[in-house]
>>> print(open('start-v2.cif').read())   # mmCIF, C-alpha atoms
data_query
#
loop_
_atom_site.label_atom_id
_atom_site.label_comp_id
_atom_site.auth_asym_id
_atom_site.auth_seq_id
_atom_site.Cartn_x
_atom_site.Cartn_y
_atom_site.Cartn_z
CA MET A 114 15.05 23.52 -9.90
CA PRO A 115 13.94 22.21 -13.30
CA LEU A 116 12.33 18.87 -14.10
CA ILE A 117 13.72 16.92 -17.03
CA ALA A 118 11.91 14.04 -18.74
CA VAL A 119 13.50 10.83 -20.02
CA PRO A 120 11.38 8.39 -22.06
CA ILE A 121 10.85 4.81 -20.84
CA ASP A 122 9.63 1.94 -22.96
CA LEU A 123 7.40 -0.19 -20.70
CA PRO A 124 5.95 -3.62 -21.54
CA PRO A 125 2.80 -3.40 -23.69
CA ASP A 126 0.37 -4.83 -21.11
CA VAL A 127 1.72 -3.12 -17.96
CA VAL A 128 -0.90 -2.83 -15.20
CA GLU A 129 1.22 -1.93 -12.17
CA LEU A 130 4.55 -0.40 -11.21
CA ARG A 131 6.45 -1.46 -8.10
CA ALA A 132 9.89 -0.77 -6.66
CA GLY A 133 12.28 -2.73 -4.53
CA ASP A 134 15.86 -3.91 -4.28
CA VAL A 135 15.58 -6.90 -6.59
CA ASP A 136 19.32 -7.57 -6.94
CA ALA A 137 20.20 -6.72 -3.29
CA ASP A 138 22.66 -3.97 -4.24
CA GLY A 139 21.13 -1.35 -1.96
CA VAL A 140 19.36 0.51 -4.80
CA SER A 141 15.68 0.08 -5.61
CA ASP A 142 14.75 -1.14 -9.06
CA LEU A 143 11.59 -0.42 -11.03
CA VAL A 144 9.42 -3.49 -11.54
CA ALA A 145 6.75 -3.37 -14.25
CA VAL A 146 3.98 -5.95 -13.85
CA GLU A 147 2.47 -7.14 -17.11
CA ARG A 148 -0.88 -8.94 -17.22
CA ASN A 149 -1.87 -10.69 -20.42
CA ARG A 150 -5.59 -11.30 -20.79
CA ARG A 151 -6.81 -14.81 -21.60
CA PRO A 152 -10.55 -14.96 -22.50
CA SER A 153 -11.17 -18.56 -21.40
CA ALA A 154 -8.25 -19.15 -19.04
CA PRO A 155 -6.52 -17.39 -16.13
CA ASP A 156 -4.57 -14.28 -17.11
CA GLU A 157 -0.82 -14.68 -17.40
CA LEU A 158 1.72 -12.48 -15.62
CA ALA A 159 5.20 -11.29 -16.53
CA VAL A 160 7.61 -9.00 -14.69
CA THR A 161 10.23 -6.69 -16.17
CA VAL A 162 12.96 -5.31 -13.88
CA PHE A 163 14.56 -2.01 -14.92
CA HIS A 164 17.93 -0.79 -13.62
CA PHE A 165 18.56 2.94 -14.01
CA GLY A 166 21.77 4.90 -14.43
CA ASN A 167 22.61 8.27 -12.94
CA ASP A 168 21.20 10.01 -16.02
CA GLY A 169 17.74 8.54 -15.38
CA ARG A 170 17.92 6.29 -18.40
CA VAL A 171 17.46 2.53 -18.31
CA SER A 172 20.93 0.97 -18.09
CA SER A 173 19.73 -2.65 -18.23
CA SER A 174 16.58 -4.71 -17.84
CA TRP A 175 15.37 -8.27 -17.80
CA ARG A 176 11.98 -9.91 -18.21
CA THR A 177 10.60 -13.17 -16.85
CA ASP A 178 7.37 -14.71 -18.06
CA LEU A 179 5.55 -16.23 -15.06
CA GLY A 180 2.57 -17.43 -17.08
CA ALA A 181 -0.35 -18.77 -15.08
CA THR A 182 1.82 -20.37 -12.41
CA PRO A 183 0.27 -20.13 -8.91
CA LEU A 184 2.61 -17.67 -7.17
CA VAL A 185 2.39 -15.11 -4.38
CA LEU A 186 5.10 -12.57 -5.20
CA ASP A 187 6.92 -9.96 -3.10
CA ILE A 188 10.08 -7.83 -3.16
CA GLU A 189 12.27 -7.99 -0.04
CA SER A 190 16.04 -7.94 -0.73
CA GLY A 191 15.20 -9.86 -3.88
CA LEU A 192 12.14 -10.83 -5.90
CA TRP A 193 10.64 -13.86 -4.16
CA ALA A 194 7.56 -16.05 -4.41
CA ILE A 195 5.60 -18.59 -2.43
CA ASP A 196 4.75 -21.34 -4.89
CA SER A 197 3.23 -24.82 -4.86
CA GLY A 198 6.43 -26.39 -3.52
CA GLY A 199 7.76 -23.77 -1.10
CA LEU A 200 9.81 -20.62 -1.66
CA SER A 201 11.38 -19.53 -4.95
CA ARG A 202 13.41 -16.61 -6.24
CA ILE A 203 12.45 -14.88 -9.48
CA THR A 204 15.44 -14.05 -11.67
CA ALA A 205 16.19 -13.39 -15.31
CA ASP A 206 16.45 -17.19 -15.64
CA GLY A 207 12.91 -17.76 -14.39
CA ILE A 208 11.48 -19.29 -11.22
CA GLN A 209 14.31 -20.72 -9.08
CA PRO A 210 13.25 -22.94 -6.10
CA VAL A 211 15.22 -22.22 -2.90
CA VAL A 212 13.29 -23.81 0.01
CA SER A 213 10.93 -26.77 0.03
CA ALA A 214 7.86 -26.36 2.27
CA PRO A 215 4.14 -27.22 2.25
CA THR A 216 2.04 -24.32 0.96
CA PRO A 217 -1.68 -23.81 0.22
CA LEU A 218 -0.83 -23.42 -3.48
CA ALA A 219 -0.06 -27.11 -3.92
CA GLY A 220 -2.54 -28.81 -6.22
CA LEU A 221 -3.73 -25.63 -7.89
CA GLY A 222 -3.92 -25.67 -11.64
CA ALA A 223 -3.37 -22.66 -13.86
CA THR A 224 -3.73 -19.57 -11.64
CA THR A 225 -2.90 -15.90 -12.19
CA PRO A 226 0.02 -14.90 -9.90
CA VAL A 227 -0.51 -12.06 -7.40
CA PHE A 228 1.66 -9.67 -5.39
CA ALA A 229 1.25 -9.47 -1.59
CA ASP A 230 3.34 -8.41 1.41
CA VAL A 231 4.23 -11.98 2.44
CA PHE A 232 8.02 -11.61 2.76
CA VAL A 233 9.64 -9.64 5.59
CA ASP A 234 13.10 -9.11 7.08
CA LEU A 235 12.72 -9.73 10.81
CA GLU A 236 16.14 -8.42 11.85
CA ASP A 237 17.15 -6.23 8.87
CA ASP A 238 19.99 -8.63 8.13
CA GLY A 239 19.29 -8.93 4.41
CA ILE A 240 17.74 -12.40 4.75
CA ALA A 241 14.07 -12.39 3.80
CA GLU A 242 11.52 -14.49 5.66
CA ALA A 243 8.17 -15.68 4.29
CA VAL A 244 4.96 -16.11 6.24
CA VAL A 245 3.27 -19.32 5.03
CA SER A 246 -0.12 -20.54 6.28
CA ASN A 247 -1.15 -24.08 5.42
CA GLY A 248 -3.49 -26.63 6.98
CA GLY A 249 -3.95 -24.90 10.34
CA THR A 250 -0.27 -24.06 10.78
CA LEU A 251 1.38 -20.69 10.18
CA ARG A 252 5.15 -20.76 9.69
CA VAL A 253 7.77 -18.04 9.35
CA ILE A 254 10.51 -19.44 7.09
CA GLY A 255 13.71 -17.76 5.91
CA VAL A 256 14.89 -18.01 2.32
CA ASP A 257 17.95 -19.67 3.86
CA GLY A 258 15.68 -22.52 5.01
CA ARG A 259 15.64 -21.56 8.70
CA GLU A 260 12.24 -21.82 10.40
CA ARG A 261 11.72 -18.87 12.75
CA ALA A 262 8.25 -19.71 14.09
CA ARG A 263 5.48 -22.29 13.85
CA VAL A 264 2.03 -21.41 15.25
CA ALA A 265 -1.22 -23.39 15.25
CA THR A 266 -4.05 -21.33 13.77
CA PRO A 267 -7.70 -21.99 12.88
CA HIS A 268 -8.04 -23.87 9.61
CA ARG A 269 -10.93 -22.77 7.43
CA GLY A 270 -11.93 -22.41 3.83
CA GLU A 271 -14.50 -20.81 1.59
CA LEU A 272 -16.90 -22.22 -0.99
CA GLU A 273 -18.57 -20.37 -3.82
CA VAL A 274 -21.00 -21.69 -6.42
CA LYS A 275 -21.39 -20.08 -9.84
CA ASN A 276 -23.87 -21.07 -12.52
CA ARG A 277 -23.59 -19.77 -16.06
CA GLY A 278 -24.42 -22.60 -18.43
CA GLY A 279 -23.11 -25.08 -15.89
CA ILE A 280 -22.24 -25.40 -12.21
CA ARG A 281 -18.81 -24.12 -11.17
CA LEU A 282 -17.63 -24.82 -7.62
CA VAL A 283 -14.83 -22.60 -6.27
CA THR A 284 -12.98 -23.92 -3.21
CA SER A 285 -10.28 -22.01 -1.36
CA SER A 286 -8.14 -22.16 1.76
CA VAL A 287 -8.26 -18.99 3.87
CA SER A 288 -5.30 -17.95 6.01
CA PRO A 289 -5.76 -16.03 9.27
CA ASP A 290 -5.02 -12.30 9.27
CA TRP A 291 -1.41 -11.74 10.28
CA HIS A 292 1.01 -8.86 10.56
CA ILE A 293 4.72 -8.45 11.30
CA ASP A 294 6.00 -5.57 13.46
CA ASP A 295 8.18 -4.99 16.53
CA VAL A 296 5.58 -5.03 19.32
CA ASN A 297 7.96 -4.81 22.30
CA GLY A 298 10.70 -2.64 20.79
CA ASP A 299 13.55 -5.16 21.12
CA GLY A 300 14.71 -4.71 17.51
CA ILE A 301 13.24 -7.97 16.18
CA ARG A 302 9.86 -7.91 14.46
CA ASP A 303 7.11 -10.01 16.02
CA LEU A 304 4.13 -11.93 14.65
CA LEU A 305 0.63 -10.56 15.29
CA LEU A 306 -2.61 -12.42 14.57
CA PRO A 307 -5.43 -9.84 14.85
CA GLU A 308 -9.04 -10.94 14.91
CA GLY A 309 -12.03 -8.84 15.94
CA THR A 310 -11.25 -7.11 19.22
CA THR A 311 -8.03 -8.96 20.09
CA ALA A 312 -4.66 -9.87 18.64
CA LYS A 313 -2.41 -12.79 19.48
CA VAL A 314 1.24 -11.72 19.74
CA VAL A 315 4.11 -14.16 19.17
CA PRO A 316 7.34 -12.40 20.22
CA MET A 317 10.25 -13.36 17.95
CA GLY A 318 13.80 -13.85 19.18
CA PRO A 319 17.17 -14.83 17.70
CA ASP A 320 16.69 -18.42 18.93
CA GLY A 321 12.98 -18.78 18.22
CA PRO A 322 9.63 -17.44 19.41
CA ALA A 323 8.86 -16.66 23.06
CA GLY A 324 5.56 -17.28 24.84
CA ALA A 325 2.53 -15.94 23.01
CA PHE A 326 0.07 -13.54 24.66
CA SER A 327 -3.14 -11.71 23.71
CA ILE A 328 -3.82 -7.98 23.62
CA ARG A 329 -7.06 -6.05 23.16
CA LEU A 330 -7.54 -3.84 20.12
CA PRO A 331 -9.06 -0.36 20.55
CA VAL A 332 -11.84 -1.11 18.02
CA ASN A 333 -13.39 -4.20 16.51
CA ILE A 334 -11.65 -4.58 13.14
CA ALA A 335 -13.76 -7.50 11.90
CA PRO A 336 -15.84 -6.64 8.82
CA VAL A 337 -19.54 -6.25 9.57
CA PRO A 338 -21.81 -7.93 6.99
CA ARG A 339 -24.64 -5.82 5.61
CA GLU A 340 -27.89 -7.61 6.36
CA GLY A 341 -31.44 -6.39 5.99
CA THR A 342 -32.61 -2.82 5.64
CA ARG A 343 -30.81 -0.14 7.59
CA LYS A 344 -32.94 1.57 10.18
CA LYS A 345 -33.72 5.24 9.76
CA ASP A 346 -30.99 7.50 11.21
CA GLU A 347 -28.89 4.45 12.08
CA THR A 348 -25.21 5.37 12.39
CA ARG A 349 -22.80 2.85 10.94
CA LYS A 350 -19.03 2.81 11.38
CA ASP A 351 -17.11 0.59 8.94
CA VAL A 352 -13.39 -0.06 9.38
CA MET A 353 -11.71 0.81 6.07
CA ALA A 354 -8.04 0.41 6.99
CA VAL A 355 -5.90 -0.62 9.98
CA TRP A 356 -2.25 0.16 10.80
CA LEU A 357 -0.21 -1.90 13.26
CA LYS A 358 3.14 -0.13 13.17
CA ASP A 359 5.30 2.34 15.08
CA LEU A 360 3.74 5.76 14.55
CA ASP A 361 5.08 7.80 17.48
CA GLY A 362 8.76 6.97 16.97
CA ASP A 363 9.40 4.88 20.10
CA ASN A 364 10.04 1.64 18.11
CA ARG A 365 6.95 -0.14 19.50
CA THR A 366 3.84 -1.14 17.58
CA ASP A 367 0.98 1.38 17.72
CA PHE A 368 -2.59 1.03 16.47
CA ALA A 369 -4.49 3.24 14.03
CA ALA A 370 -7.68 2.75 12.05
CA GLN A 371 -9.69 4.63 9.43
CA LEU A 372 -13.48 4.50 9.86
CA TRP A 373 -16.21 5.36 7.32
CA VAL A 374 -19.19 6.87 9.17
CA THR A 375 -22.64 6.98 7.55
CA GLU A 376 -26.14 7.77 8.74
CA GLY A 377 -28.75 6.08 6.60
CA SER A 378 -26.80 6.36 3.30
CA TRP A 379 -23.44 7.48 1.92
CA MET A 380 -24.84 11.00 1.37
CA GLY A 381 -23.18 13.18 3.97
CA ALA A 382 -20.64 10.45 4.80
CA GLU A 383 -17.97 11.39 7.33
CA GLY A 384 -14.69 9.92 8.47
CA GLU A 385 -12.95 9.14 11.72
CA LEU A 386 -9.39 8.19 12.64
CA VAL A 387 -8.55 6.21 15.77
CA PHE A 388 -5.06 6.07 17.30
CA ALA A 389 -3.77 4.17 20.34
CA ARG A 390 -0.17 4.26 21.50
CA GLY A 391 1.63 0.95 21.95
CA THR A 392 2.95 0.05 25.41
CA GLY A 393 4.99 -3.01 24.46
CA SER A 394 2.36 -5.31 25.93
CA GLY A 395 -0.82 -3.74 24.55
CA PHE A 396 -2.28 -0.35 23.63
CA GLY A 397 -3.10 2.76 25.64
CA PRO A 398 -6.40 4.69 25.62
CA PRO A 399 -7.65 5.45 22.09
CA GLN A 400 -7.63 8.95 20.62
CA ARG A 401 -10.57 9.56 18.27
CA MET A 402 -10.32 12.14 15.48
CA PRO A 403 -13.64 12.71 13.69
CA SER A 404 -13.92 14.64 10.43
CA ASP A 405 -16.95 16.39 8.95
CA ASN A 406 -15.83 15.21 5.50
CA ALA A 407 -15.62 11.78 3.91
CA VAL A 408 -12.06 10.51 4.37
CA LEU A 409 -11.30 8.74 1.11
CA LEU A 410 -7.78 7.61 1.85
CA VAL A 411 -5.16 7.93 4.58
CA ARG A 412 -1.38 7.91 4.31
CA ALA A 413 0.92 7.46 7.31
CA VAL A 414 3.92 9.61 6.34
CA ASP A 415 6.77 11.21 8.30
CA LEU A 416 6.15 14.64 6.76
CA ASP A 417 8.72 16.47 8.90
CA ALA A 418 11.41 13.73 8.91
CA ASP A 419 11.63 13.68 12.72
CA GLY A 420 11.10 9.93 13.21
CA ASP A 421 7.41 9.89 14.05
CA VAL A 422 4.56 9.61 11.55
CA GLU A 423 1.91 12.12 10.58
CA MET A 424 -1.53 11.16 9.26
CA ALA A 425 -2.27 12.69 5.86
CA THR A 426 -5.82 12.36 4.56
CA ALA A 427 -7.62 13.01 1.28
CA GLU A 428 -11.10 14.30 2.14
CA VAL A 429 -14.22 15.23 0.19
CA ASP A 430 -17.28 17.16 1.31
CA PHE A 431 -20.20 14.91 0.32
CA GLY A 432 -22.75 17.59 1.13
CA VAL A 433 -25.53 18.43 -1.32
CA GLY A 434 -23.90 21.66 -2.55
CA ASN A 435 -20.56 20.07 -3.38
CA LEU A 436 -22.19 17.08 -5.08
CA THR A 437 -24.39 19.37 -7.17
CA ARG A 438 -21.33 21.24 -8.42
CA ALA A 439 -19.65 17.90 -9.15
CA MET A 440 -22.60 16.75 -11.27
CA LEU A 441 -22.58 19.99 -13.26
CA THR A 442 -18.81 20.15 -13.89
CA GLN A 443 -17.94 16.41 -13.64
CA LYS A 444 -15.12 17.46 -11.32
CA ILE A 445 -14.77 17.39 -7.56
CA ARG A 446 -12.43 19.05 -5.09
CA VAL A 447 -10.30 16.83 -2.87
CA ASP A 448 -8.69 18.45 0.18
CA ILE A 449 -5.41 17.09 1.55
CA LEU A 450 -5.03 17.52 5.33
CA TYR A 451 -2.51 16.31 7.87
CA ARG A 452 -2.51 15.69 11.59
CA PRO A 453 0.91 16.20 13.23
CA MET A 454 2.23 13.80 15.87
CA ARG A 455 3.20 15.59 19.08
CA ASP A 456 4.25 13.83 22.28
CA GLY A 457 2.41 10.60 21.48
CA ARG A 458 -0.84 12.23 20.31
CA TYR A 459 -2.11 13.62 17.03
CA GLY A 460 -2.95 17.29 16.69
CA ASP A 461 -5.86 18.87 14.86
CA GLY A 462 -6.09 18.57 11.10
CA ALA A 463 -4.36 21.30 9.07
CA ASP A 464 -4.71 22.06 5.37
CA LEU A 465 -1.90 20.82 3.14
CA HIS A 466 -3.18 21.13 -0.40
CA SER A 467 -6.26 20.81 -2.62
CA VAL A 468 -6.68 19.20 -6.01
CA VAL A 469 -9.57 19.11 -8.49
CA VAL A 470 -10.04 15.72 -10.14
CA PRO A 471 -12.60 14.16 -12.50
CA VAL A 472 -15.55 12.47 -10.80
CA GLY A 473 -14.72 8.79 -10.52
CA ASN A 474 -11.02 9.50 -10.00
CA ASP A 475 -11.50 10.93 -6.52
CA ARG A 476 -10.50 7.69 -4.78
CA ASP A 477 -7.13 7.69 -6.54
CA PRO A 478 -6.25 11.36 -7.04
CA PRO A 479 -2.89 12.20 -8.67
CA VAL A 480 -1.28 13.10 -5.35
CA LYS A 481 1.92 11.52 -3.98
CA MET A 482 3.41 12.69 -0.70
CA GLU A 483 5.56 9.84 0.60
CA HIS A 484 8.88 10.59 -1.13
CA ASP A 485 11.64 13.19 -1.08
CA VAL A 486 12.04 14.52 -4.62
CA THR A 487 14.26 17.53 -3.86
CA GLY A 488 16.86 15.65 -1.78
CA ASP A 489 16.59 17.60 1.50
CA GLY A 490 15.32 14.63 3.54
CA ILE A 491 11.73 15.92 3.81
CA PRO A 492 8.92 14.31 1.74
CA ASP A 493 7.53 16.50 -1.04
CA LEU A 494 4.16 16.72 -2.76
CA VAL A 495 3.91 15.54 -6.37
CA THR A 496 0.63 16.24 -8.14
CA SER A 497 -1.11 17.13 -11.37
CA GLN A 498 -4.17 19.19 -10.56
CA ASP A 499 -6.68 19.89 -13.29
CA SER A 500 -3.95 20.51 -15.86
CA SER A 501 -1.46 18.74 -18.09
CA ARG A 502 1.49 19.67 -15.86
CA VAL A 503 3.25 17.62 -13.19
CA GLU A 504 4.22 19.83 -10.25
CA VAL A 505 6.47 19.35 -7.23
CA TYR A 506 5.78 21.31 -4.03
CA ALA A 507 8.66 21.29 -1.55
CA GLY A 508 7.92 19.86 1.88
CA THR A 509 8.56 22.22 4.78
CA GLY A 510 7.85 19.85 7.66
CA THR A 511 4.58 21.61 8.44
CA GLY A 512 3.18 21.83 4.93
CA TYR A 513 4.35 22.56 1.41
CA SER A 514 5.68 25.52 -0.51
CA ARG A 515 3.00 27.89 -1.78
CA GLU A 516 4.27 27.59 -5.34
CA PRO A 517 5.74 24.56 -7.10
CA VAL A 518 9.54 24.35 -6.98
CA ALA A 519 9.53 22.24 -10.15
CA SER A 520 6.98 21.87 -12.92
CA LEU A 521 6.80 20.34 -16.37
CA ASP A 522 4.05 20.05 -18.97
CA VAL A 523 3.99 16.38 -19.98
CA GLY A 524 0.49 16.30 -21.45
CA PHE A 525 -0.90 14.64 -18.32
CA GLU A 526 -4.51 13.53 -18.86
CA GLN A 527 -6.63 13.46 -15.70
CA GLY A 528 -8.29 10.10 -15.16
CA GLU A 529 -6.02 8.37 -17.70
CA ASP A 530 -2.41 8.98 -16.73
CA LYS A 531 -0.96 7.83 -13.42
CA LEU A 532 1.85 9.04 -11.17
CA TRP A 533 4.40 6.71 -9.61
CA VAL A 534 7.16 8.07 -7.34
CA GLY A 535 10.24 6.35 -5.94
CA ASP A 536 14.05 6.55 -5.75
CA ILE A 537 15.30 4.27 -8.54
CA ARG A 538 18.73 5.88 -9.05
CA GLY A 539 19.94 5.58 -5.46
CA ASP A 540 20.79 9.28 -5.13
CA ALA A 541 18.30 10.07 -2.29
CA ARG A 542 16.10 11.96 -4.78
CA ALA A 543 12.91 10.24 -5.86
CA GLU A 544 12.01 10.04 -9.53
CA ILE A 545 8.50 10.51 -10.97
CA VAL A 546 7.15 8.12 -13.59
CA VAL A 547 4.15 9.21 -15.67
CA TRP A 548 2.49 6.16 -17.18
CA ARG A 549 -0.80 4.72 -18.39
CA LEU A 550 -2.38 1.27 -18.15
CA ARG A 551 -1.40 -1.08 -20.99
CA THR A 552 0.66 1.60 -22.73
CA ARG A 553 4.34 1.30 -23.59
CA ALA A 554 5.29 4.98 -23.67
CA ALA A 555 6.14 6.45 -20.25
CA LYS A 556 8.30 9.27 -18.91
CA CYS A 557 10.75 9.39 -16.01
CA LEU A 558 10.89 12.88 -14.51
CA MET A 559 13.91 13.96 -12.45
CA VAL A 560 14.67 17.09 -10.46
CA THR A 561 18.03 18.57 -11.36
CA PRO A 562 19.53 20.85 -8.68
#
>>> encode(input="start-v2.cif", output="structure tokens")
Amino acid sequence: MPLIAVPIDLPPDVVELRAGDVDADGVSDLVAVERNRRPSAPDELAVTVFHFGNDGRVSSSWRTDLGATPLVLDIESGLWAIDSGGLSRITADGIQPVVSAPTPLAGLGATTPVFADVFVDLEDDGIAEAVVSNGGTLRVIGVDGRERARVATPHRGELEVKNRGGIRLVTSSVSPDWHIDDVNGDGIRDLLLPEGTTAKVVPMGPDGPAGAFSIRLPVNIAPVPREGTRKKDETRKDVMAVWLKDLDGDNRTDFAAQLWVTEGSWMGAEGELVFARGTGSGFGPPQRMPSDNAVLLVRAVDLDADGDVEMATAEVDFGVGNLTRAMLTQKIRVDILYRPMRDGRYGDGADLHSVVVPVGNDRDPPVKMEHDVTGDGIPDLVTSQDSSRVEVYAGTGTGYSREPVASLDVGFEQGEDKLWVGDIRGDARAEIVVWRLRTRAAKCLMVTP
């Protein structure tokens, strides 16, 4: 099963690659995000959308310069934006307004655009909805102009003062935390407003929202400010990530969180995962899964393609011995583990793979495990471990093949090159893009059966 490489010419100042169905044809497109530095002004953004043919080559592309226009961008059956006047669609012709609505971006001057998950599709009907918070009101508005929900929320802001040759006052409006998922399993995604130990749920329906109710969260997800000197042997648990999504395959929202556990300092740091099954009106008893290693990142992936979601983790032993070896070699071993979902609970961690990466690159190791590269329906492992080769290990449902099923030397440089994986040809086989920040030359790698 060989890998073949096709060259891609990216924009010169590319800083991010994304994928999504920009033209709503059912096939994901590659979106290159270009950020142009401006020394005394906000950086300017541009997006280039690439369409690929069956041979893996770019069949067409278009570019739109967004400049320093205040925009919050997202891809959801189109490339959309919340702007100063409402909702707009981004096309080859530029920024096209579609819905007028008050937004917190009104009145902003030159501002660097950002991407965020602010557009959703509540009913999977191909009509995107945006979540817009402004002036103490949170609204869910379709790109067709239909308002799906309107909820009163706390209205607050933030102030920051900077002084470098003159006073600079930064003022901002802060939205509440929100999330969209199907809490009760009725097929329509609902609005959640989590805060601390509770979450407000606004059930969505075809004719509007139903009565809101509150549920308790298994752990306090509010960030804890660091104040004063930590006491000797004090154990601290910081919430690093939270998932509010269906994990056990019953179509109802579950809860999971990644905790960073330290005693006194980050030396010897450990990790902990917390999972609680959704009931449709709250969450069941939490399951706690401690690890003796530092859990650097967590991916919720259906590794065996059975409808529920496994927890895959990248873990590092921060013990003295491992850190000493890292200082001597400037490389550190990252272990990839997974916890299988069985009957609504997660099993013990099992080894998946290990990679050796340069120190400093351990929080973003060249490991991708979310996509099916071979076309058998099971996610595969794509990695480049301490070499110049990109390798594909076939997913088995309980792990990966012992040897790579596809491999190609592309001159991959650890700590410099990046891996991006996604299906951009629409053939149910994901492609691999090897690229580098602010560099035009890239490669698209494809598995040929």
>>> residues_near_point(input="start-v2.cif", point="(5.4, -18.5, -2.4)", cutoff="10 Å", atoms="only C-alpha atoms", output="number ranges by chain")
A: 183-187, 193-202, 210, 212, 214-218, 226, 229, 231-232, 243-245
>>> atom_distance(input="start-v2.cif", atom1="CA of Ala413 (chain A)", atom2="CA of Arg549 (chain A)")
25.9 Å
>>> resolve_selection(input="start-v2.cif", expression="the PyMOL selection byres ((chain A and resi 490) around 12)", output="JSON, numbers by chain")
{"A": [415, 416, 417, 418, 419, 420, 483, 484, 485, 486, 487, 488, 489, 491, 492, 493, 507, 508, 509, 510, 540, 541, 542, 543]}
>>> write_last_selection(input="start-v2.cif", atoms="C-alpha atoms", output="mmCIF file, in the frame of the given file")
data_model
loop_
_atom_site.group_PDB
_atom_site.id
_atom_site.type_symbol
_atom_site.label_atom_id
_atom_site.label_comp_id
_atom_site.auth_asym_id
_atom_site.auth_seq_id
_atom_site.Cartn_x
_atom_site.Cartn_y
_atom_site.Cartn_z
ATOM 1 C CA ASP A 415 6.770 11.210 8.300
ATOM 2 C CA LEU A 416 6.150 14.640 6.760
ATOM 3 C CA ASP A 417 8.720 16.470 8.900
ATOM 4 C CA ALA A 418 11.410 13.730 8.910
ATOM 5 C CA ASP A 419 11.630 13.680 12.720
ATOM 6 C CA GLY A 420 11.100 9.930 13.210
ATOM 7 C CA GLU A 483 5.560 9.840 0.600
ATOM 8 C CA HIS A 484 8.880 10.590 -1.130
ATOM 9 C CA ASP A 485 11.640 13.190 -1.080
ATOM 10 C CA VAL A 486 12.040 14.520 -4.620
ATOM 11 C CA THR A 487 14.260 17.530 -3.860
ATOM 12 C CA GLY A 488 16.860 15.650 -1.780
ATOM 13 C CA ASP A 489 16.590 17.600 1.500
ATOM 14 C CA ILE A 491 11.730 15.920 3.810
ATOM 15 C CA PRO A 492 8.920 14.310 1.740
ATOM 16 C CA ASP A 493 7.530 16.500 -1.040
ATOM 17 C CA ALA A 507 8.660 21.290 -1.550
ATOM 18 C CA GLY A 508 7.920 19.860 1.880
ATOM 19 C CA THR A 509 8.560 22.220 4.780
ATOM 20 C CA GLY A 510 7.850 19.850 7.660
ATOM 21 C CA ASP A 540 20.790 9.280 -5.130
ATOM 22 C CA ALA A 541 18.300 10.070 -2.290
ATOM 23 C CA ARG A 542 16.100 11.960 -4.780
ATOM 24 C CA ALA A 543 12.910 10.240 -5.860
#
>>> resolve_selection(input="start-v2.cif", expression="the PyMOL selection byres ((chain A and resi 383) around 8)", output="list in words")
Trp373, Val374, Thr375, Gly381, Ala382, Gly384, Glu385, Pro403, Ser404, Asp405, Asn406, Ala407 and Val408 of chain A
>>> resolve_selection(input="start-v2.cif", expression="the PyMOL selection byres ((chain A and resi 551) around 12)", output="ChimeraX atom specification")
/A:122-130,145-150,529-531,548-550,552-555
>>> closest_residue(input="start-v2.cif", among="A:Gly457, A:Gly535, A:Pro331, A:Pro152", to="Phe396 (chain A)", atoms="only C-alpha atoms")
A:Pro331
>>> residues_around(input="start-v2.cif", residues="Gly207 (chain A)", least_positions_apart="4", cutoff="9 Å", atoms="all atoms listed in the file", output="PyMOL selection string")
chain A and resi 176-179+202-203
>>> write_last_selection(input="start-v2.cif", atoms="C-alpha atoms", output="CSV table (one decimal), keeping the file's coordinate frame")
chain,number,residue,atom,x,y,z
A,176,ARG,CA,12.0,-9.9,-18.2
A,177,THR,CA,10.6,-13.2,-16.8
A,178,ASP,CA,7.4,-14.7,-18.1
A,179,LEU,CA,5.6,-16.2,-15.1
A,202,ARG,CA,13.4,-16.6,-6.2
A,203,ILE,CA,12.4,-14.9,-9.5
>>> closest_residue(input="start-v2.cif", among="A:Val332, A:Val469, A:Met440, A:Gly191", to="Arg401 (chain A)", atoms="only C-alpha atoms")
A:Val332
>>> atom_distance(input="start-v2.cif", atom1="CA of Thr266 (chain A)", atom2="CA of Asp290 (chain A)")
10.1 Å
